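Coordinates as given in structure37.txt (compact mmCIF, C-alpha atoms and all ligand atoms):
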```
# COMPACT_ATOMS: atom_id res chain seq x y z
CA PRO A 1 10.16 -31.98 -2.89
CA ALA A 2 10.72 -34.13 0.18
CA ALA A 3 11.62 -32.15 3.29
CA PRO A 4 15.31 -32.39 4.10
CA ASN A 5 16.24 -34.23 7.31
CA ASP A 6 17.69 -31.23 9.07
CA LEU A 7 15.02 -28.58 8.62
CA ASN A 8 16.82 -26.02 10.75
CA ALA A 9 19.85 -26.20 8.48
CA PHE A 10 17.55 -25.96 5.44
CA TRP A 11 15.89 -22.79 6.72
CA MET A 12 19.02 -21.07 7.95
CA PRO A 13 20.28 -19.42 4.72
CA PHE A 14 16.98 -17.56 4.21
CA THR A 15 17.48 -14.58 6.48
CA ALA A 16 14.30 -12.57 6.30
CA ASN A 17 12.01 -14.45 8.60
CA ARG A 18 12.78 -14.89 12.30
CA GLN A 19 9.22 -15.80 13.30
CA PHE A 20 9.11 -18.64 10.80
CA LYS A 21 12.19 -20.22 12.29
CA LYS A 22 10.56 -20.08 15.72
CA ALA A 23 7.35 -21.69 14.50
CA PRO A 24 7.30 -22.79 10.86
CA ARG A 25 4.21 -21.91 8.91
CA MET A 26 4.84 -23.25 5.43
CA ILE A 27 2.50 -22.24 2.61
CA VAL A 28 2.66 -24.55 -0.40
CA ALA A 29 -0.28 -23.50 -2.59
CA ALA A 30 -3.01 -20.91 -2.96
CA GLU A 31 -6.26 -20.60 -4.86
CA GLY A 32 -9.07 -18.08 -4.72
CA MET A 33 -9.58 -17.01 -1.10
CA HIS A 34 -7.37 -19.72 0.42
CA TYR A 35 -3.84 -20.79 1.15
CA THR A 36 -2.85 -24.43 1.60
CA THR A 37 -0.28 -25.25 4.26
CA SER A 38 2.35 -27.98 4.12
CA ASP A 39 0.21 -30.08 6.44
CA GLY A 40 -2.75 -29.79 4.07
CA ARG A 41 -4.80 -27.21 5.96
CA GLN A 42 -6.81 -24.46 4.24
CA ILE A 43 -6.27 -20.90 5.52
CA LEU A 44 -8.76 -18.14 4.64
CA ASP A 45 -6.80 -15.15 3.35
CA GLY A 46 -8.02 -12.21 5.42
CA THR A 47 -5.28 -9.91 4.16
CA ALA A 48 -4.98 -10.53 0.39
CA GLY A 49 -1.43 -11.66 1.08
CA LEU A 50 0.27 -8.41 2.02
CA TRP A 51 -2.65 -6.21 0.87
CA CYS A 52 -1.91 -7.14 -2.73
CA CYS A 53 -3.86 -10.14 -4.11
CA ASN A 54 -6.99 -8.10 -4.77
CA ALA A 55 -8.48 -10.71 -7.12
CA GLY A 56 -7.45 -13.63 -4.90
CA HIS A 57 -5.00 -16.35 -5.83
CA LYS A 58 -4.14 -18.43 -8.88
CA ARG A 59 -6.48 -16.58 -11.19
CA PRO A 60 -6.55 -18.44 -14.55
CA ARG A 61 -6.31 -15.33 -16.69
CA ILE A 62 -3.22 -14.13 -14.86
CA VAL A 63 -1.54 -17.54 -14.92
CA GLU A 64 -2.17 -17.81 -18.64
CA ALA A 65 -0.91 -14.29 -19.36
CA ILE A 66 2.37 -15.07 -17.60
CA GLN A 67 2.83 -18.31 -19.53
CA THR A 68 2.01 -16.72 -22.86
CA GLN A 69 4.24 -13.70 -22.30
CA ALA A 70 7.17 -15.82 -21.09
CA ALA A 71 6.92 -17.91 -24.25
CA GLU A 72 6.74 -14.84 -26.51
CA LEU A 73 9.02 -12.12 -25.10
CA ASP A 74 10.59 -12.75 -21.73
CA TYR A 75 12.73 -9.65 -21.43
CA ALA A 76 13.45 -6.42 -23.26
CA PRO A 77 15.49 -3.49 -21.95
CA ALA A 78 13.32 -0.51 -21.05
CA PHE A 79 15.99 1.94 -22.19
CA GLN A 80 16.39 2.98 -25.84
CA MET A 81 13.69 0.49 -26.90
CA GLY A 82 10.23 -0.63 -25.99
CA HIS A 83 7.72 -3.43 -26.23
CA PRO A 84 3.96 -3.37 -26.82
CA ARG A 85 2.85 -4.51 -23.36
CA ALA A 86 4.58 -1.57 -21.65
CA PHE A 87 2.73 0.97 -23.80
CA GLU A 88 -0.54 -0.89 -23.41
CA LEU A 89 -0.17 -0.95 -19.63
CA ALA A 90 0.79 2.74 -19.40
CA ASN A 91 -2.36 3.60 -21.35
CA ARG A 92 -4.52 1.37 -19.18
CA LEU A 93 -3.17 2.95 -16.00
CA VAL A 94 -3.62 6.49 -17.19
CA ASP A 95 -7.22 5.64 -18.17
CA LEU A 96 -7.92 4.23 -14.74
CA ALA A 97 -6.33 7.07 -12.78
CA PRO A 98 -7.77 10.53 -12.07
CA ASP A 99 -8.01 12.67 -15.22
CA THR A 100 -4.88 14.73 -14.66
CA MET A 101 -2.61 11.67 -14.53
CA ALA A 102 -1.00 11.41 -17.93
CA HIS A 103 2.18 9.34 -17.57
CA ALA A 104 3.36 6.15 -15.90
CA PHE A 105 6.93 5.47 -14.81
CA PHE A 106 7.47 1.76 -14.11
CA VAL A 107 9.40 0.34 -11.16
CA ASN A 108 9.46 -2.96 -9.30
CA SER A 109 7.94 -2.34 -5.89
CA GLY A 110 6.16 0.13 -3.67
CA SER A 111 9.44 1.21 -2.10
CA GLU A 112 10.92 1.97 -5.51
CA ALA A 113 7.81 3.88 -6.54
CA VAL A 114 8.26 6.10 -3.50
CA GLU A 115 11.97 6.76 -4.17
CA THR A 116 11.15 7.53 -7.78
CA ALA A 117 8.33 9.93 -6.92
CA LEU A 118 10.54 11.82 -4.44
CA LYS A 119 13.28 12.17 -7.05
CA ILE A 120 10.77 13.29 -9.69
CA ALA A 121 9.44 15.94 -7.28
CA ILE A 122 12.86 17.46 -6.74
CA ALA A 123 13.76 17.15 -10.44
CA TYR A 124 10.51 18.87 -11.41
CA HIS A 125 11.26 21.93 -9.33
CA ARG A 126 14.87 22.02 -10.52
CA ALA A 127 13.78 21.84 -14.13
CA ARG A 128 11.62 24.91 -13.49
CA GLY A 129 14.51 26.82 -11.94
CA ASP A 130 13.35 26.16 -8.37
CA GLY A 131 16.45 24.26 -7.31
CA ALA A 132 16.06 25.29 -3.68
CA ARG A 133 12.90 23.21 -3.35
CA THR A 134 14.41 20.07 -1.87
CA ARG A 135 12.62 19.65 1.46
CA LEU A 136 10.10 16.84 1.82
CA ILE A 137 7.17 16.40 4.15
CA GLY A 138 5.79 13.07 5.31
CA ARG A 139 3.53 12.13 8.18
CA GLU A 140 3.92 10.41 11.52
CA ARG A 141 2.82 6.79 11.24
CA GLY A 142 3.17 7.00 7.47
CA TYR A 143 4.67 3.96 5.76
CA HIS A 144 6.47 4.41 2.48
CA GLY A 145 8.61 1.30 2.17
CA VAL A 146 12.04 0.51 3.45
CA ASN A 147 14.51 2.38 1.25
CA PHE A 148 16.32 5.47 2.53
CA GLY A 149 13.93 8.02 1.02
CA GLY A 150 10.91 6.05 2.16
CA ILE A 151 12.08 5.65 5.75
CA SER A 152 13.06 9.33 5.85
CA VAL A 153 9.61 10.58 4.89
CA GLY A 154 8.02 7.59 6.62
CA GLY A 155 6.66 8.07 10.08
CA ILE A 156 7.84 4.96 11.87
CA VAL A 157 10.38 6.27 14.33
CA ASN A 158 11.99 2.88 14.96
CA ASN A 159 12.61 2.40 11.24
CA ARG A 160 14.43 5.74 11.14
CA LYS A 161 16.42 5.85 14.31
CA MET A 162 18.77 2.99 13.50
CA PHE A 163 20.11 4.85 10.45
CA GLY A 164 21.84 8.10 11.35
CA THR A 165 22.11 9.51 7.86
CA LEU A 166 18.72 9.90 6.27
CA LEU A 167 17.47 12.40 3.69
CA ALA A 168 18.16 15.87 4.99
CA GLY A 169 15.31 18.34 5.28
CA VAL A 170 12.31 16.22 6.13
CA ASP A 171 9.41 17.16 8.41
CA HIS A 172 6.47 15.05 9.52
CA LEU A 173 2.85 16.09 9.83
CA PRO A 174 1.01 14.71 12.85
CA HIS A 175 -0.85 11.44 12.28
CA THR A 176 -4.63 11.54 12.19
CA HIS A 177 -5.36 8.87 14.78
CA ILE A 178 -7.11 10.86 17.50
CA PRO A 179 -9.18 9.49 20.41
CA GLU A 180 -12.37 11.43 19.54
CA ASN A 181 -12.70 9.26 16.44
CA ARG A 182 -12.82 5.85 18.10
CA TRP A 183 -15.42 3.38 16.76
CA THR A 184 -15.96 5.47 13.67
CA ARG A 185 -17.62 3.78 10.74
CA GLY A 186 -16.00 5.11 7.59
CA GLN A 187 -14.54 8.60 7.66
CA PRO A 188 -14.21 10.24 11.07
CA GLU A 189 -15.75 13.67 11.72
CA HIS A 190 -12.91 15.21 13.68
CA GLY A 191 -9.37 16.13 12.82
CA ALA A 192 -9.37 17.95 9.44
CA HIS A 193 -7.53 20.77 11.25
CA LEU A 194 -4.51 18.45 11.59
CA ALA A 195 -3.74 19.27 7.95
CA ASP A 196 -3.11 22.87 9.00
CA GLU A 197 0.13 21.72 10.56
CA LEU A 198 1.39 21.81 6.98
CA GLU A 199 1.00 25.61 7.06
CA ARG A 200 3.12 25.73 10.20
CA ILE A 201 5.89 23.66 8.57
CA VAL A 202 5.73 25.80 5.43
CA ALA A 203 6.00 28.99 7.51
CA LEU A 204 8.96 27.55 9.41
CA HIS A 205 11.12 26.83 6.36
CA GLY A 206 9.58 28.99 3.64
CA PRO A 207 7.55 27.54 0.75
CA GLU A 208 10.45 28.14 -1.64
CA THR A 209 12.39 25.30 0.08
CA ILE A 210 9.69 22.60 -0.05
CA ALA A 211 9.41 20.13 -2.94
CA ALA A 212 6.63 17.74 -1.96
CA CYS A 213 4.35 16.35 0.67
CA ILE A 214 3.75 12.59 0.61
CA VAL A 215 0.94 10.83 2.45
CA GLU A 216 -0.99 7.61 2.17
CA PRO A 217 -4.58 8.80 1.64
CA LEU A 218 -5.48 6.11 4.16
CA ALA A 219 -2.52 4.95 6.23
CA GLY A 220 -2.64 1.17 5.85
CA SER A 221 0.16 -0.84 7.33
CA THR A 222 0.52 1.28 10.47
CA GLY A 223 -2.98 0.32 11.50
CA VAL A 224 -5.62 1.53 9.05
CA LEU A 225 -5.90 5.21 9.96
CA ILE A 226 -8.81 6.74 8.06
CA PRO A 227 -8.42 10.41 7.08
CA PRO A 228 -10.89 12.72 8.81
CA LYS A 229 -13.51 14.36 6.59
CA GLY A 230 -12.00 17.34 4.76
CA TYR A 231 -8.42 16.52 5.79
CA LEU A 232 -7.08 15.52 2.36
CA GLN A 233 -8.89 18.46 0.74
CA ARG A 234 -7.09 20.82 3.11
CA LEU A 235 -3.72 19.23 2.37
CA ARG A 236 -4.45 19.71 -1.33
CA GLU A 237 -5.36 23.38 -0.85
CA ILE A 238 -2.26 24.17 1.17
CA CYS A 239 0.04 22.38 -1.29
CA THR A 240 -1.52 24.17 -4.25
CA LYS A 241 -1.25 27.54 -2.51
CA HIS A 242 2.50 27.10 -1.94
CA GLY A 243 3.50 25.27 -5.12
CA ILE A 244 4.24 22.07 -3.20
CA LEU A 245 3.62 18.79 -5.01
CA LEU A 246 1.18 16.44 -3.31
CA ILE A 247 2.02 12.75 -3.64
CA PHE A 248 -0.50 10.08 -2.71
CA ASP A 249 1.15 6.80 -1.83
CA GLU A 250 -1.55 4.43 -3.06
CA VAL A 251 0.45 1.22 -2.78
CA ILE A 252 -2.34 -0.23 -0.62
CA THR A 253 -5.34 1.90 -1.60
CA GLY A 254 -4.81 1.56 -5.36
CA PHE A 255 -6.79 -0.96 -7.42
CA GLY A 256 -10.11 -1.09 -5.72
CA ARG A 257 -9.50 -1.45 -2.00
CA LEU A 258 -11.85 1.48 -1.31
CA GLY A 259 -14.26 0.69 -4.15
CA SER A 260 -12.74 2.99 -6.77
CA PRO A 261 -9.60 2.52 -8.87
CA PHE A 262 -7.62 4.85 -6.61
CA ALA A 263 -8.31 6.52 -3.26
CA ALA A 264 -7.87 9.87 -5.03
CA GLN A 265 -11.19 9.24 -6.77
CA HIS A 266 -12.85 7.92 -3.63
CA PHE A 267 -11.96 11.05 -1.67
CA ASP A 268 -12.28 13.31 -4.71
CA VAL A 269 -8.86 14.83 -4.13
CA THR A 270 -6.36 14.82 -6.97
CA PRO A 271 -2.68 14.63 -6.12
CA ASP A 272 0.18 15.56 -8.46
CA MET A 273 1.62 12.07 -8.35
CA ILE A 274 0.39 8.63 -7.35
CA THR A 275 2.65 5.77 -6.32
CA CYS A 276 1.25 2.27 -6.71
CA ALA A 277 2.36 -1.39 -6.64
CA LYS A 278 0.84 -4.48 -4.95
CA GLY A 279 -2.60 -4.76 -6.63
CA LEU A 280 -1.09 -3.53 -9.90
CA THR A 281 -0.09 -7.13 -10.63
CA ASN A 282 -2.48 -8.70 -8.12
CA GLY A 283 0.67 -9.23 -6.04
CA VAL A 284 1.83 -11.93 -8.42
CA ILE A 285 4.94 -10.36 -9.97
CA PRO A 286 6.94 -7.51 -8.43
CA MET A 287 5.96 -4.25 -10.07
CA GLY A 288 5.17 -0.66 -9.14
CA ALA A 289 4.48 2.57 -10.95
CA VAL A 290 4.53 6.31 -10.44
CA LEU A 291 1.74 8.19 -12.17
CA THR A 292 2.33 11.85 -12.87
CA SER A 293 0.50 14.78 -14.38
CA ALA A 294 1.59 16.07 -17.79
CA ALA A 295 3.01 19.23 -16.21
CA ILE A 296 5.39 17.26 -14.04
CA HIS A 297 6.43 14.88 -16.76
CA ASP A 298 7.00 17.66 -19.27
CA ALA A 299 9.15 19.64 -16.88
CA PHE A 300 11.59 16.90 -16.07
CA MET A 301 11.54 15.01 -19.37
CA THR A 302 11.91 17.96 -21.72
CA GLY A 303 15.42 18.78 -22.85
CA PRO A 304 18.45 16.51 -22.68
CA GLU A 305 19.81 18.26 -19.63
CA HIS A 306 16.84 17.45 -17.49
CA LEU A 307 16.63 13.90 -18.65
CA ILE A 308 20.23 13.40 -17.66
CA GLU A 309 19.68 15.06 -14.32
CA LEU A 310 16.92 12.64 -13.53
CA PHE A 311 18.71 9.62 -14.87
CA HIS A 312 16.68 6.96 -13.20
CA GLY A 313 15.36 3.53 -14.12
CA TYR A 314 15.78 -0.10 -13.24
CA THR A 315 16.90 -3.24 -15.08
CA TYR A 316 13.44 -4.67 -14.55
CA SER A 317 11.42 -1.49 -15.23
CA ALA A 318 8.45 -2.41 -17.43
CA ASN A 319 9.54 -6.04 -17.59
CA PRO A 320 7.30 -7.72 -20.21
CA ILE A 321 6.09 -10.49 -17.92
CA ALA A 322 5.28 -7.96 -15.20
CA CYS A 323 3.41 -5.80 -17.73
CA ALA A 324 1.44 -8.81 -19.01
CA THR A 325 0.60 -9.77 -15.41
CA ALA A 326 -0.58 -6.24 -14.67
CA ILE A 327 -2.75 -6.11 -17.81
CA ALA A 328 -4.30 -9.49 -16.94
CA SER A 329 -4.92 -8.26 -13.39
CA LEU A 330 -6.64 -5.10 -14.62
CA ASP A 331 -8.69 -7.26 -17.02
CA THR A 332 -9.72 -9.50 -14.14
CA TYR A 333 -10.68 -6.53 -11.94
CA ARG A 334 -12.74 -5.07 -14.77
CA GLU A 335 -14.44 -8.23 -15.98
CA GLU A 336 -15.41 -9.30 -12.50
CA GLY A 337 -16.37 -5.75 -11.51
CA LEU A 338 -14.23 -6.09 -8.41
CA PHE A 339 -13.94 -2.39 -7.57
CA GLU A 340 -17.74 -2.03 -7.67
CA ARG A 341 -18.04 -5.27 -5.76
CA CYS A 342 -15.83 -3.81 -3.04
CA ALA A 343 -18.09 -0.77 -2.74
CA GLU A 344 -21.18 -3.03 -2.60
CA LEU A 345 -19.76 -5.31 0.06
CA ALA A 346 -18.37 -2.49 2.20
CA PRO A 347 -21.54 -1.98 4.34
CA TYR A 348 -21.80 -5.74 5.02
CA TRP A 349 -18.11 -5.80 5.89
CA GLU A 350 -18.59 -2.82 8.21
CA GLU A 351 -21.45 -4.54 10.07
CA GLY A 352 -19.44 -7.72 10.55
CA LEU A 353 -16.37 -5.87 11.73
CA HIS A 354 -18.20 -3.66 14.22
CA SER A 355 -20.08 -6.67 15.61
CA LEU A 356 -16.77 -7.53 17.33
CA ARG A 357 -17.02 -4.41 19.47
CA ASP A 358 -18.02 -6.39 22.56
CA CYS A 359 -15.08 -8.82 22.34
CA PRO A 360 -12.50 -8.73 25.15
CA HIS A 361 -9.80 -6.03 25.04
CA VAL A 362 -11.11 -4.38 21.86
CA ILE A 363 -10.60 -0.61 22.25
CA ASP A 364 -11.31 0.63 18.72
CA ILE A 365 -12.63 -0.56 15.37
CA ARG A 366 -12.37 1.35 12.10
CA ASN A 367 -13.06 0.58 8.46
CA MET A 368 -13.44 1.83 4.92
CA GLY A 369 -14.05 -0.10 1.70
CA LEU A 370 -12.83 -3.67 2.24
CA ILE A 371 -10.27 -2.72 4.83
CA GLY A 372 -10.61 -2.81 8.58
CA ALA A 373 -8.74 -2.61 11.86
CA ILE A 374 -9.39 -3.90 15.34
CA GLU A 375 -7.26 -2.23 17.96
CA LEU A 376 -6.56 -4.22 21.11
CA GLU A 377 -5.59 -2.88 24.50
CA PRO A 378 -1.89 -3.61 24.90
CA ILE A 379 -0.78 -5.84 27.76
CA PRO A 380 1.07 -3.43 30.11
CA GLY A 381 4.79 -3.56 29.39
CA GLU A 382 4.33 -6.04 26.55
CA PRO A 383 3.17 -4.14 23.49
CA THR A 384 2.35 -6.23 20.39
CA LYS A 385 2.00 -9.41 22.45
CA ARG A 386 -1.78 -9.52 22.47
CA ALA A 387 -2.19 -8.95 18.74
CA PHE A 388 0.52 -11.45 17.94
CA ALA A 389 -1.29 -14.01 20.09
CA ALA A 390 -4.37 -13.29 17.96
CA PHE A 391 -2.35 -13.86 14.79
CA LEU A 392 -1.15 -17.26 16.05
CA GLU A 393 -4.59 -18.31 17.26
CA ALA A 394 -6.22 -17.20 13.99
CA TYR A 395 -3.69 -19.13 11.94
CA ASP A 396 -4.42 -22.22 14.00
CA LYS A 397 -8.13 -21.67 13.40
CA GLY A 398 -7.59 -21.33 9.63
CA LEU A 399 -7.53 -17.55 9.14
CA LEU A 400 -4.72 -15.25 8.03
CA ILE A 401 -4.75 -11.81 9.65
CA ARG A 402 -2.06 -9.14 9.83
CA THR A 403 -0.95 -7.34 12.94
CA THR A 404 0.90 -4.10 13.49
CA GLY A 405 1.60 -3.23 17.09
CA ASP A 406 -1.57 -4.24 18.91
CA ILE A 407 -3.76 -3.61 15.90
CA ILE A 408 -5.26 -6.36 13.77
CA ALA A 409 -5.51 -5.27 10.13
CA LEU A 410 -7.81 -6.93 7.61
CA SER A 411 -7.95 -6.49 3.82
CA PRO A 412 -9.37 -9.58 2.13
CA PRO A 413 -9.29 -10.19 -1.61
CA LEU A 414 -12.16 -8.30 -3.25
CA ILE A 415 -13.63 -11.62 -4.44
CA ILE A 416 -14.65 -12.49 -0.87
CA GLU A 417 -18.20 -13.87 -0.55
CA LYS A 418 -20.63 -12.77 2.16
CA ALA A 419 -20.47 -16.24 3.71
CA GLN A 420 -16.70 -15.89 3.90
CA ILE A 421 -17.05 -12.48 5.57
CA ASP A 422 -19.28 -14.21 8.15
CA GLU A 423 -16.71 -16.97 8.55
CA LEU A 424 -13.86 -14.47 8.92
CA PHE A 425 -15.56 -12.50 11.70
CA GLY A 426 -16.90 -15.67 13.33
CA THR A 427 -13.39 -17.06 13.53
CA LEU A 428 -12.05 -13.76 14.78
CA ARG A 429 -14.66 -13.63 17.53
CA GLY A 430 -13.48 -17.06 18.68
CA VAL A 431 -9.87 -15.90 18.49
CA LEU A 432 -10.45 -12.78 20.60
CA HIS A 433 -12.23 -14.82 23.27
CA ALA A 434 -9.59 -17.55 23.20
CA ILE A 435 -6.70 -15.17 23.83
CA ALA A 436 -8.51 -13.07 26.45
N1 LIG B 1 4.01 2.39 0.48
C1 LIG B 1 2.95 1.88 1.12
C2 LIG B 1 1.78 2.75 1.42
C3 LIG B 1 2.94 0.53 1.50
O1 LIG B 1 1.89 0.02 2.16
C4 LIG B 1 4.04 -0.28 1.17
C5 LIG B 1 4.08 -1.76 1.52
N2 LIG B 1 3.26 -2.18 2.53
C6 LIG B 1 5.12 0.30 0.51
C7 LIG B 1 5.07 1.63 0.16
C8 LIG B 1 6.32 -0.50 0.15
O2 LIG B 1 6.02 -1.39 -0.85
P1 LIG B 1 7.00 -2.63 -1.15
O3 LIG B 1 6.93 -3.51 0.05
O4 LIG B 1 6.45 -3.21 -2.40
O5 LIG B 1 8.36 -2.06 -1.35
```

Encoded form (structure tokens):
Amino acid sequence: PAAPNDLNAFWMPFTANRQFKKAPRMIVAAEGMHYTTSDGRQILDGTAGLWCCNAGHKRPRIVEAIQTQAAELDYAPAFQMGHPRAFELANRLVDLAPDTMAHAFFVNSGSEAVETALKIAIAYHRARGDGARTRLIGRERGYHGVNFGGISVGGIVNNRKMFGTLLAGVDHLPHTHIPENRWTRGQPEHGAHLADELERIVALHGPETIAACIVEPLAGSTGVLIPPKGYLQRLREICTKHGILLIFDEVITGFGRLGSPFAAQHFDVTPDMITCAKGLTNGVIPMGAVLTSAAIHDAFMTGPEHLIELFHGYTYSANPIACATAIASLDTYREEGLFERCAELAPYWEEGLHSLRDCPHVIDIRNMGLIGAIELEPIPGEPTKRAFAAFLEAYDKGLLIRTTGDIIALSPPLIIEKAQIDELFGTLRGVLHAIA
């Protein structure tokens, strides 16, 4: 459609995007590894959208699945009835997940997956007569979406402090971003002991009060913080010892980002629940899921009383078009071997990323799978300014990156070619010199 005469008036009703109104960056199309802007430029997608388009954009199989499903069954309530795609998808997910995951509960986003998992954790203990287990443990610099449960267990202080009333009874483990581990390729050596802080929190309140501990196996959107070797194993041991459920928030790490279906398999640590979203539908249609073990599911779903206690579900849970999109996404990942491809490309990616070490103001680089972070030295008194300048410069040079604070985060679609990895880091080198 033709642009309206008064663009400012046209943009005003859409509230979510202050930066756009300052400097419009309009995306009108996308295909494969690229976006097209309203002025006809191609932008290399260095972030798979928001860490979600793992198979890239406008994939024919996914487009077709949406069209076919919309023409066949557009909507069916998820309560009291079902439809074939929902059962098919649940089976596919359970097959893909670590062995102990036996059930999928469908939601519409990562944030909703987190809220659902937290409620399931408390309901599970209640169903077993452990009603006092209501406390939750998150981690500093954890990100678990924007709803009240997620910001309560989340570790972004600014997201919490504006809202006085959050979930009661939440503690935060320390984050794992410690100076000894700068410039680490893959998993850092130091810092597994940080998991022992969980023992301290347990001792403080008593294990009989704690329902669950939720962490991202690899903290993504707060700057790609890779767990030290042995850290997740220790968390698992401590949770098991005290009957605390361990939840992995795999909204970013799920669906191949680390070269395996889930990070749980990559790190060989099995949580009690997994939250996922984003790559589940290749980012194309809003959808998330909570995967649980049979023990958890059976405790809260057995008996009418417990079902009522957990009454929980959404209008769009297991929406047929979302399910069809997810199945087509999983088909695409499988047929193109994208998880394996991620693992194969990871060393090449690592080399390219670490070659930027000598660029101005770079103070740390870290990576795992097809994910990476470049941390820049903040301009004194103006945090985030340097990285945001890099974002603007990169966009001008035809590359989409993501920034959080003064950290540049990268997570390209898993279909990226080696030549595109070269292009990405070549552009980024130019960007870092240009903004110096
Ligand atoms: N958990 C994690 C680990 C995430 O990275 C995100 C989104 N970046 C969320 C939850 C929230 O997902 P959504 O934006 O789909 O609500």

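Nearest to ligand LIG 1 (chain B) of all the residues A:Ala78, A:Ala390, A:Ala264, A:Val251 is A:Val251, counting all atoms listed in the file.
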
Dump as JSON, numbers by chain all residues having an atom at most 7 Å from (4.1, -0.9, -18.2), computed in the file's coordinates with only C-alpha atoms.
{"A": [85, 86, 87, 88, 89, 90, 106, 318, 323]}

Close residues to ligand LIG 1 (chain B) using all atoms listed in the file, limit 7 Å, as an NGL selection string
:A and (50 or 109-112 or 114 or 143-146 or 216 or 219-221 or 249-252 or 277-278)

Suppose you want the space between CA of Leu392 (chain A) and CA of Asn54 (chain A); what is it in Å?
23.5 Å

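Across the structure, CA of Leu204 (chain A) and CA of Ile122 (chain A) are spaced 19.4 Å apart.
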
May I have the protein, DNA and RNA residues with an atom at most 12 Å from (0.9, 13.0, 3.3), counting only C-alpha atoms in the file's coordinates, returned as a PyMOL selection string?
chain A and resi 136-144+153-155+171-176+194-195+197-198+212-219+227+231-236+238-239+244-250+271+273-274

Taking C-alpha atoms for each residue, export the selection above as an mmCIF file, keeping the file's coordinate frame.
```cif
data_model
loop_
_atom_site.group_PDB
_atom_site.id
_atom_site.type_symbol
_atom_site.label_atom_id
_atom_site.label_comp_id
_atom_site.auth_asym_id
_atom_site.auth_seq_id
_atom_site.Cartn_x
_atom_site.Cartn_y
_atom_site.Cartn_z
ATOM 1 C CA LEU A 136 10.100 16.840 1.820
ATOM 2 C CA ILE A 137 7.170 16.400 4.150
ATOM 3 C CA GLY A 138 5.790 13.070 5.310
ATOM 4 C CA ARG A 139 3.530 12.130 8.180
ATOM 5 C CA GLU A 140 3.920 10.410 11.520
ATOM 6 C CA ARG A 141 2.820 6.790 11.240
ATOM 7 C CA GLY A 142 3.170 7.000 7.470
ATOM 8 C CA TYR A 143 4.670 3.960 5.760
ATOM 9 C CA HIS A 144 6.470 4.410 2.480
ATOM 10 C CA VAL A 153 9.610 10.580 4.890
ATOM 11 C CA GLY A 154 8.020 7.590 6.620
ATOM 12 C CA GLY A 155 6.660 8.070 10.080
ATOM 13 C CA ASP A 171 9.410 17.160 8.410
ATOM 14 C CA HIS A 172 6.470 15.050 9.520
ATOM 15 C CA LEU A 173 2.850 16.090 9.830
ATOM 16 C CA PRO A 174 1.010 14.710 12.850
ATOM 17 C CA HIS A 175 -0.850 11.440 12.280
ATOM 18 C CA THR A 176 -4.630 11.540 12.190
ATOM 19 C CA LEU A 194 -4.510 18.450 11.590
ATOM 20 C CA ALA A 195 -3.740 19.270 7.950
ATOM 21 C CA GLU A 197 0.130 21.720 10.560
ATOM 22 C CA LEU A 198 1.390 21.810 6.980
ATOM 23 C CA ALA A 212 6.630 17.740 -1.960
ATOM 24 C CA CYS A 213 4.350 16.350 0.670
ATOM 25 C CA ILE A 214 3.750 12.590 0.610
ATOM 26 C CA VAL A 215 0.940 10.830 2.450
ATOM 27 C CA GLU A 216 -0.990 7.610 2.170
ATOM 28 C CA PRO A 217 -4.580 8.800 1.640
ATOM 29 C CA LEU A 218 -5.480 6.110 4.160
ATOM 30 C CA ALA A 219 -2.520 4.950 6.230
ATOM 31 C CA PRO A 227 -8.420 10.410 7.080
ATOM 32 C CA TYR A 231 -8.420 16.520 5.790
ATOM 33 C CA LEU A 232 -7.080 15.520 2.360
ATOM 34 C CA GLN A 233 -8.890 18.460 0.740
ATOM 35 C CA ARG A 234 -7.090 20.820 3.110
ATOM 36 C CA LEU A 235 -3.720 19.230 2.370
ATOM 37 C CA ARG A 236 -4.450 19.710 -1.330
ATOM 38 C CA ILE A 238 -2.260 24.170 1.170
ATOM 39 C CA CYS A 239 0.040 22.380 -1.290
ATOM 40 C CA ILE A 244 4.240 22.070 -3.200
ATOM 41 C CA LEU A 245 3.620 18.790 -5.010
ATOM 42 C CA LEU A 246 1.180 16.440 -3.310
ATOM 43 C CA ILE A 247 2.020 12.750 -3.640
ATOM 44 C CA PHE A 248 -0.500 10.080 -2.710
ATOM 45 C CA ASP A 249 1.150 6.800 -1.830
ATOM 46 C CA GLU A 250 -1.550 4.430 -3.060
ATOM 47 C CA PRO A 271 -2.680 14.630 -6.120
ATOM 48 C CA MET A 273 1.620 12.070 -8.350
ATOM 49 C CA ILE A 274 0.390 8.630 -7.350
#
```

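Each of A:Gly40, A:Pro207, A:Thr404, A:Ile201 was compared to Ile156 (chain A) using all atoms listed in the file, and A:Thr404 turns out to be the nearest.
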
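Here CA of Gly191 (chain A) stands at a distance of 8.6 Å from CA of Gly230 (chain A).
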
Mind checking which residues fall within 12 Å of Thr68 (chain A), counting only C-alpha atoms, ignoring those fewer than 4 positions away in the same chain, and posting them as a ChimeraX atom specification?
/A:61-64,72-74,320-321,324-325,328

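Of the residues under consideration (A:Phe148, A:Tyr75, A:Phe391, A:Phe311), A:Phe148 shows the shortest atom-to-atom contact distance to Glu115 (chain A) when counting all atoms listed in the file.
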
Where is the centre and how long are the edges: axis-aligned box on region 311-317 of chain A, 4 Å on each side, Å to one decimal, as JSON:
```
{"center_x": 15.1, "center_y": 2.5, "center_z": -14.2, "size_x": 15.3, "size_y": 22.3, "size_z": 10.0}
```

Can you tell me which residues surround Asp331 (chain A) at a distance of at most 12 Å, considering all atoms listed in the file, apart from same-chain residues fewer than 2 positions away, and format the answer as an MDAnalysis selection string?
chainID A and resid 55 59:62 65 89 92:93 96 255 280:282 324:329 333:339
